[in-house]
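Engineer: Got a structure here, written out as structure tokens. Questions coming.
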Amino acid sequence: MAKIVMKNIKKRYKNSESLTVKDFNLSIDHKEFIVLVGPSGCGKSTTLRMIAGLEDISEGDLLIEEKRMNDVAPKNRDIAMVFQNYALYPHMTVYDNMAFALKIKKINKSEIDLRVKEAAKILGLEEYLKRKPKALSGGQRQRVALGRAMVRNPKVFLMDEPLSNLDAKLRSQMRAEISKLHRKLGATTIYVTHDQTEAMTMASRIVIMKDGKIQQIGTPKEVYDHPVNRFVAGFIGSPSMNFISATCSDTALKIGDLTFTIPKEKIEILKTTGYLNKKITLGIRPEDIHHEPKEVNDSNTFETTIDVSELMGSESLLYTSLGDSTLIAKVNSTNIANGEKITLSIDFNKIHFFDKDTEEVIQSTNQSKLISIS
Ligand SMILES: Nc1ncnc2c1ncn2[C@@H]1O[C@H](COP(=O)(O)OP(=O)(O)OP(=O)(O)O)[C@@H](O)[C@H]1O
């Protein structure tokens, strides 16, 4: 358990002209599970490595339990890191892999034995302790890597894409296992991934990064329901939010040749922010578009031809168009054919508005209080 504060942290690599991490500010509470998420190259691993002490911090302060850590050696930070490639010693047994760091620290044998067996029990590795890593599955190896970190009883766990080498099924199993483990151990955890599903399912708070800069910090629900800009809106949620060019008067919303009636509160947002009758970008999540809604309301439906219908099991993804944009709808119906003409309805209570140029969300003053922007 540890409190971590990062104040105005910047990173400039020697051979790089621009900052890789720009003014990173974050206060992490005891027991939090923070997920840093963002596209490849946005500076997630660099940030994690600065916390671990594997990279120098160019500017700013890193505090763990109120103690400045910038110049403290990695081994003295009381941090354990789990990497993507597990980095297990191939010639050692599972037991020895887990015990190694404790042996180096000269911890006595019986204490090592206790800690390794306790970790093995929690991780379901008891029957594999005598095996070498090559005789384990990917998921079991990743559990050994977690166990190796756990036995050190660190104040902080850092995890850098620990699941990206696993297949989809194992990844979702391990996601649940890591969440369970975190609840049990309660260690402050910072987890890096580019996978928004991992971020949404595991995080107590998500930090979304782009080009070295924090875009938004919030709980999974906050960033999903109230994205601060088009980037966050498009990054969180799968399939991605649809973005459509539109204009809205004080009576109706126009998309291409189609006209819709939208809730008064939505019009009010555009009115109070000065966006009525101006081109805006509309954000509609695929799950907020419905087929055969229970109450069909003509003012929010449109007829369209489905270009591609993808059956996902209990639901379908429908690819079509609205205005001059492509549109993806996630609907419960599972019997829609490619090329079929159907009626879809949009839940306009759930739409988002973005400035066409700045791509920032257009929101009422009340809404903006709900959102934390860095
Ligand atoms: N040692 C280094 N020297 C110079 N530039 C580096 C160094 N390490 C990383 N970078 C650059 O810094 C940027 C951020 O890299 P980083 O690994 O932090 O991104 P990331 O968000 O973790 O990406 P990924 O998801 O691909 O791992 C990249 O443009 C990368 O090329």
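Convention: chains lettered A, B, ... in structure tokens order; per-chain residue numbering from 1; ligands numbered from 1 as shown.
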Leaving out Ala2 (chain A) and any residue of its chain fewer than 4 positions from it, which residues lie within 12 Å of it when counting only C-alpha atoms, given as a ChimeraX atom specification?
Structural biologist: /A:27-33,63-67,77-79,153-157,186-190
Engineer: What does the list of residues within 12 Å of ligand 1 look like if you count only C-alpha atoms and all ligand atoms, written as a tab-separated table (two decimals) with N, CA and C atoms, in the first residue's frame?
Structural biologist:
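This went into result-v4.tsv:
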chain	number	residue	atom	x	y	z
A	10	LYS	N	8.22	15.47	-16.36
A	10	LYS	CA	8.51	15.57	-17.80
A	10	LYS	C	9.65	14.61	-18.14
A	11	LYS	N	9.64	14.12	-19.38
A	11	LYS	CA	10.74	13.28	-19.83
A	11	LYS	C	11.20	13.72	-21.20
A	12	ARG	N	12.50	14.02	-21.27
A	12	ARG	CA	13.10	14.31	-22.57
A	12	ARG	C	14.25	13.33	-22.75
A	13	TYR	N	14.11	12.45	-23.75
A	13	TYR	CA	15.23	11.53	-24.03
A	13	TYR	C	16.37	12.32	-24.65
A	14	LYS	N	17.60	11.88	-24.40
A	14	LYS	CA	18.79	12.63	-24.85
A	14	LYS	C	18.76	12.96	-26.34
A	15	ASN	N	18.39	11.94	-27.14
A	15	ASN	CA	18.45	12.13	-28.59
A	15	ASN	C	17.15	12.66	-29.18
A	16	SER	N	16.25	13.13	-28.31
A	16	SER	CA	14.95	13.55	-28.81
A	16	SER	C	14.75	15.05	-28.60
A	17	GLU	N	14.17	15.71	-29.61
A	17	GLU	CA	13.99	17.17	-29.51
A	17	GLU	C	12.78	17.53	-28.67
A	18	SER	N	11.74	16.69	-28.77
A	18	SER	CA	10.51	17.05	-28.04
A	18	SER	C	10.39	16.23	-26.76
A	19	LEU	N	9.48	16.66	-25.91
A	19	LEU	CA	9.24	15.94	-24.66
A	19	LEU	C	8.44	14.66	-24.96
A	20	THR	N	8.87	13.55	-24.39
A	20	THR	CA	8.13	12.30	-24.56
A	20	THR	C	6.98	12.25	-23.57
A	21	VAL	N	7.21	12.77	-22.35
A	21	VAL	CA	6.12	12.92	-21.37
A	21	VAL	C	6.06	14.39	-21.00
A	22	LYS	N	4.85	14.97	-21.15
A	22	LYS	CA	4.70	16.42	-20.97
A	22	LYS	C	3.86	16.72	-19.73
A	36	LEU	N	-2.82	3.18	-17.11
A	36	LEU	CA	-2.39	4.17	-18.11
A	36	LEU	C	-2.68	3.56	-19.47
A	37	VAL	N	-3.48	4.25	-20.25
A	37	VAL	CA	-3.88	3.69	-21.54
A	37	VAL	C	-3.68	4.74	-22.64
A	38	GLY	N	-3.41	4.28	-23.82
A	38	GLY	CA	-3.24	5.21	-24.94
A	38	GLY	C	-2.57	4.48	-26.09
A	39	PRO	N	-2.55	5.10	-27.26
A	39	PRO	CA	-1.98	4.42	-28.43
A	39	PRO	C	-0.47	4.23	-28.30
A	40	SER	N	0.06	3.37	-29.14
A	40	SER	CA	1.50	3.07	-29.13
A	40	SER	C	2.31	4.36	-29.24
A	41	GLY	N	3.32	4.49	-28.40
A	41	GLY	CA	4.23	5.63	-28.48
A	41	GLY	C	3.76	6.86	-27.71
A	42	CYS	N	2.67	6.77	-26.95
A	42	CYS	CA	2.16	7.96	-26.27
A	42	CYS	C	2.89	8.25	-24.96
A	43	GLY	N	3.78	7.36	-24.54
A	43	GLY	CA	4.60	7.63	-23.35
A	43	GLY	C	4.19	6.87	-22.10
A	44	LYS	N	3.37	5.84	-22.26
A	44	LYS	CA	2.91	5.06	-21.09
A	44	LYS	C	4.07	4.35	-20.41
A	45	SER	N	4.84	3.58	-21.20
A	45	SER	CA	5.94	2.80	-20.61
A	45	SER	C	6.99	3.71	-20.02
A	46	THR	N	7.25	4.82	-20.71
A	46	THR	CA	8.24	5.78	-20.20
A	46	THR	C	7.81	6.27	-18.82
A	47	THR	N	6.53	6.60	-18.67
A	47	THR	CA	6.02	7.06	-17.38
A	47	THR	C	6.21	5.99	-16.31
A	48	LEU	N	5.86	4.75	-16.66
A	48	LEU	CA	5.99	3.65	-15.70
A	48	LEU	C	7.45	3.43	-15.31
A	49	ARG	N	8.32	3.51	-16.31
A	49	ARG	CA	9.75	3.26	-16.06
A	49	ARG	C	10.36	4.39	-15.21
A	50	MET	N	9.80	5.58	-15.32
A	50	MET	CA	10.28	6.67	-14.45
A	50	MET	C	9.86	6.39	-13.00
A	54	LEU	N	13.78	3.13	-13.67
A	54	LEU	CA	14.55	2.59	-14.79
A	54	LEU	C	14.86	3.67	-15.83
A	55	GLU	N	14.20	4.82	-15.70
A	55	GLU	CA	14.49	5.99	-16.54
A	55	GLU	C	14.61	7.19	-15.61
A	56	ASP	N	15.51	8.11	-15.93
A	56	ASP	CA	15.60	9.35	-15.15
A	56	ASP	C	14.37	10.21	-15.39
A	83	PHE	N	6.65	-7.50	-16.36
A	83	PHE	CA	6.79	-7.09	-17.77
A	83	PHE	C	5.96	-7.97	-18.69
A	84	GLN	N	5.85	-7.48	-19.91
A	84	GLN	CA	5.12	-8.17	-20.97
A	84	GLN	C	5.71	-9.56	-21.27
A	159	MET	N	2.91	-2.75	-13.73
A	159	MET	CA	2.73	-3.81	-14.74
A	159	MET	C	2.72	-3.18	-16.13
A	160	ASP	N	3.62	-3.64	-16.98
A	160	ASP	CA	3.72	-3.09	-18.33
A	160	ASP	C	3.20	-4.11	-19.34
A	161	GLU	N	1.99	-3.91	-19.80
A	161	GLU	CA	1.34	-4.80	-20.77
A	161	GLU	C	1.54	-6.27	-20.41
A	162	PRO	N	1.22	-6.68	-19.18
A	162	PRO	CA	1.58	-8.04	-18.77
A	162	PRO	C	0.81	-9.13	-19.52
A	164	SER	N	-0.17	-9.00	-22.90
A	164	SER	CA	-0.26	-8.87	-24.36
A	164	SER	C	0.29	-10.08	-25.11
A	191	TYR	N	-0.81	0.10	-14.04
A	191	TYR	CA	-0.86	-0.92	-15.09
A	191	TYR	C	-0.90	-0.22	-16.44
A	192	VAL	N	0.01	-0.60	-17.31
A	192	VAL	CA	0.06	0.04	-18.64
A	192	VAL	C	-0.52	-0.90	-19.70
A	193	THR	N	-1.36	-0.36	-20.54
A	193	THR	CA	-1.89	-1.16	-21.64
A	193	THR	C	-2.32	-0.24	-22.79
A	194	HIS	N	-2.43	-0.82	-24.00
A	194	HIS	CA	-3.04	-0.01	-25.06
A	194	HIS	C	-4.46	-0.54	-25.33
A	195	ASP	N	-4.88	-1.49	-24.47
A	195	ASP	CA	-6.15	-2.17	-24.68
A	195	ASP	C	-7.23	-1.53	-23.80
A	196	GLN	N	-8.19	-0.87	-24.44
A	196	GLN	CA	-9.19	-0.15	-23.66
A	196	GLN	C	-10.07	-1.10	-22.85
A	207	VAL	N	-6.13	6.62	-16.78
A	207	VAL	CA	-5.45	7.83	-17.25
A	207	VAL	C	-5.25	7.63	-18.76
A	208	ILE	N	-5.90	8.47	-19.54
A	208	ILE	CA	-5.81	8.31	-21.00
A	208	ILE	C	-4.77	9.29	-21.52
A	209	MET	N	-3.77	8.75	-22.24
A	209	MET	CA	-2.67	9.59	-22.73
A	209	MET	C	-2.65	9.64	-24.25
A	210	LYS	N	-2.14	10.76	-24.75
A	210	LYS	CA	-1.91	10.89	-26.20
A	210	LYS	C	-0.72	11.82	-26.37
A	211	ASP	N	0.22	11.46	-27.20
A	211	ASP	CA	1.40	12.29	-27.47
A	211	ASP	C	2.05	12.81	-26.19
A	212	GLY	N	2.20	11.96	-25.21
A	212	GLY	CA	2.90	12.34	-23.98
A	212	GLY	C	2.09	13.19	-23.02
A	213	LYS	N	0.84	13.42	-23.34
A	213	LYS	CA	0.02	14.32	-22.52
A	213	LYS	C	-1.22	13.59	-22.02
A	214	ILE	N	-1.55	13.84	-20.73
A	214	ILE	CA	-2.77	13.25	-20.20
A	214	ILE	C	-3.96	13.95	-20.84
Engineer: As a VMD selection string, please: the residues near Gln363 (chain A) (cut-off 12 Å, only C-alpha atoms, same-chain neighbours under 6 positions excluded).
Structural biologist: chain A and resid 226 to 229 265 to 275 351 to 355 369 to 371
Engineer: Keeping only C-alpha atoms, write those residues as a short mmCIF file (atom, residue, chain, number, x, y, z; two decimals), in the first residue's frame.
Structural biologist:
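What ended up in again.cif:
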data_model
loop_
_atom_site.label_atom_id
_atom_site.label_comp_id
_atom_site.auth_asym_id
_atom_site.auth_seq_id
_atom_site.Cartn_x
_atom_site.Cartn_y
_atom_site.Cartn_z
CA HIS A 226 -18.28 11.99 -20.13
CA PRO A 227 -15.29 11.94 -22.49
CA VAL A 228 -13.63 15.37 -22.58
CA ASN A 229 -12.70 15.24 -26.24
CA GLU A 265 -31.88 19.44 -22.78
CA LYS A 266 -29.51 18.56 -25.61
CA ILE A 267 -30.59 21.59 -27.64
CA GLU A 268 -30.14 23.71 -24.51
CA ILE A 269 -26.48 22.64 -24.27
CA LEU A 270 -25.83 23.90 -27.80
CA LYS A 271 -27.82 27.06 -27.16
CA THR A 272 -25.98 28.03 -23.97
CA THR A 273 -22.59 27.29 -25.49
CA GLY A 274 -23.24 29.18 -28.74
CA TYR A 275 -23.27 26.18 -31.09
CA ILE A 351 -25.38 11.62 -27.79
CA HIS A 352 -22.25 13.72 -27.34
CA PHE A 353 -21.32 16.98 -29.08
CA PHE A 354 -17.79 17.98 -30.07
CA ASP A 355 -16.35 21.17 -31.51
CA LYS A 369 -18.12 19.87 -13.09
CA LEU A 370 -18.32 16.09 -13.49
CA ILE A 371 -15.25 15.91 -15.64
#
Engineer: Nearest residue to Gly218 (chain A) out of A:Val35, A:Leu163, A:Ile104, A:Gly339, using only C-alpha atoms?
Structural biologist: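 Closest candidate: A:Val35.
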Engineer: Just the helix (DSSP H, G or I) stuff from region 92-267 of chain A, please, per backbone DSSP, written as a VMD selection string.
Structural biologist: chain A and resid 94 to 104 109 to 123 126 to 128 133 to 135 138 to 150 168 to 185 196 to 202 220 to 225 230 to 235 264 to 267
Engineer: Enumerate the residues of region 12-250 of chain A with a DSSP assignment of strand (DSSP E or B), computed from the backbone, and present them as a ChimeraX atom specification.
Structural biologist: /A:21-28,33-37,59-64,67-68,79-82,156-160,188-193,205-210,213-218,229,242-248
Engineer: Do you know which residues are at most 12 Å from Leu102 (chain A) counting only C-alpha atoms, after dropping those on the same chain fewer than 3 positions away, and could you put them as a list in words?
Structural biologist: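 Non-adjacent residues within range: Tyr95, Asp96, Asn97, Met98, Ala99, Lys105, Lys106, Ile107, Asn108, Lys109, Ser110, Glu111, Ile112, Asp113, Leu114, Arg115, Val116, Arg148, Ala149, Met150, Val151, Arg152, Asn153 and Pro154 of chain A.
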Engineer: Between CA of Thr320 (chain A) and CA of Ser333 (chain A), what is the distance, to one decimal in Å?
Structural biologist: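 CA of Ser333 (chain A) lies at a distance of 15.2 Å from CA of Thr320 (chain A).
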Engineer: Go through A:Glu359, A:Glu126, A:Glu177, A:Asp167 and flag the residue nearest Ile280 (chain A), using only C-alpha atoms for the distances.
Structural biologist: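 Counting only C-alpha atoms, the residue closest to Ile280 (chain A) is A:Glu359.
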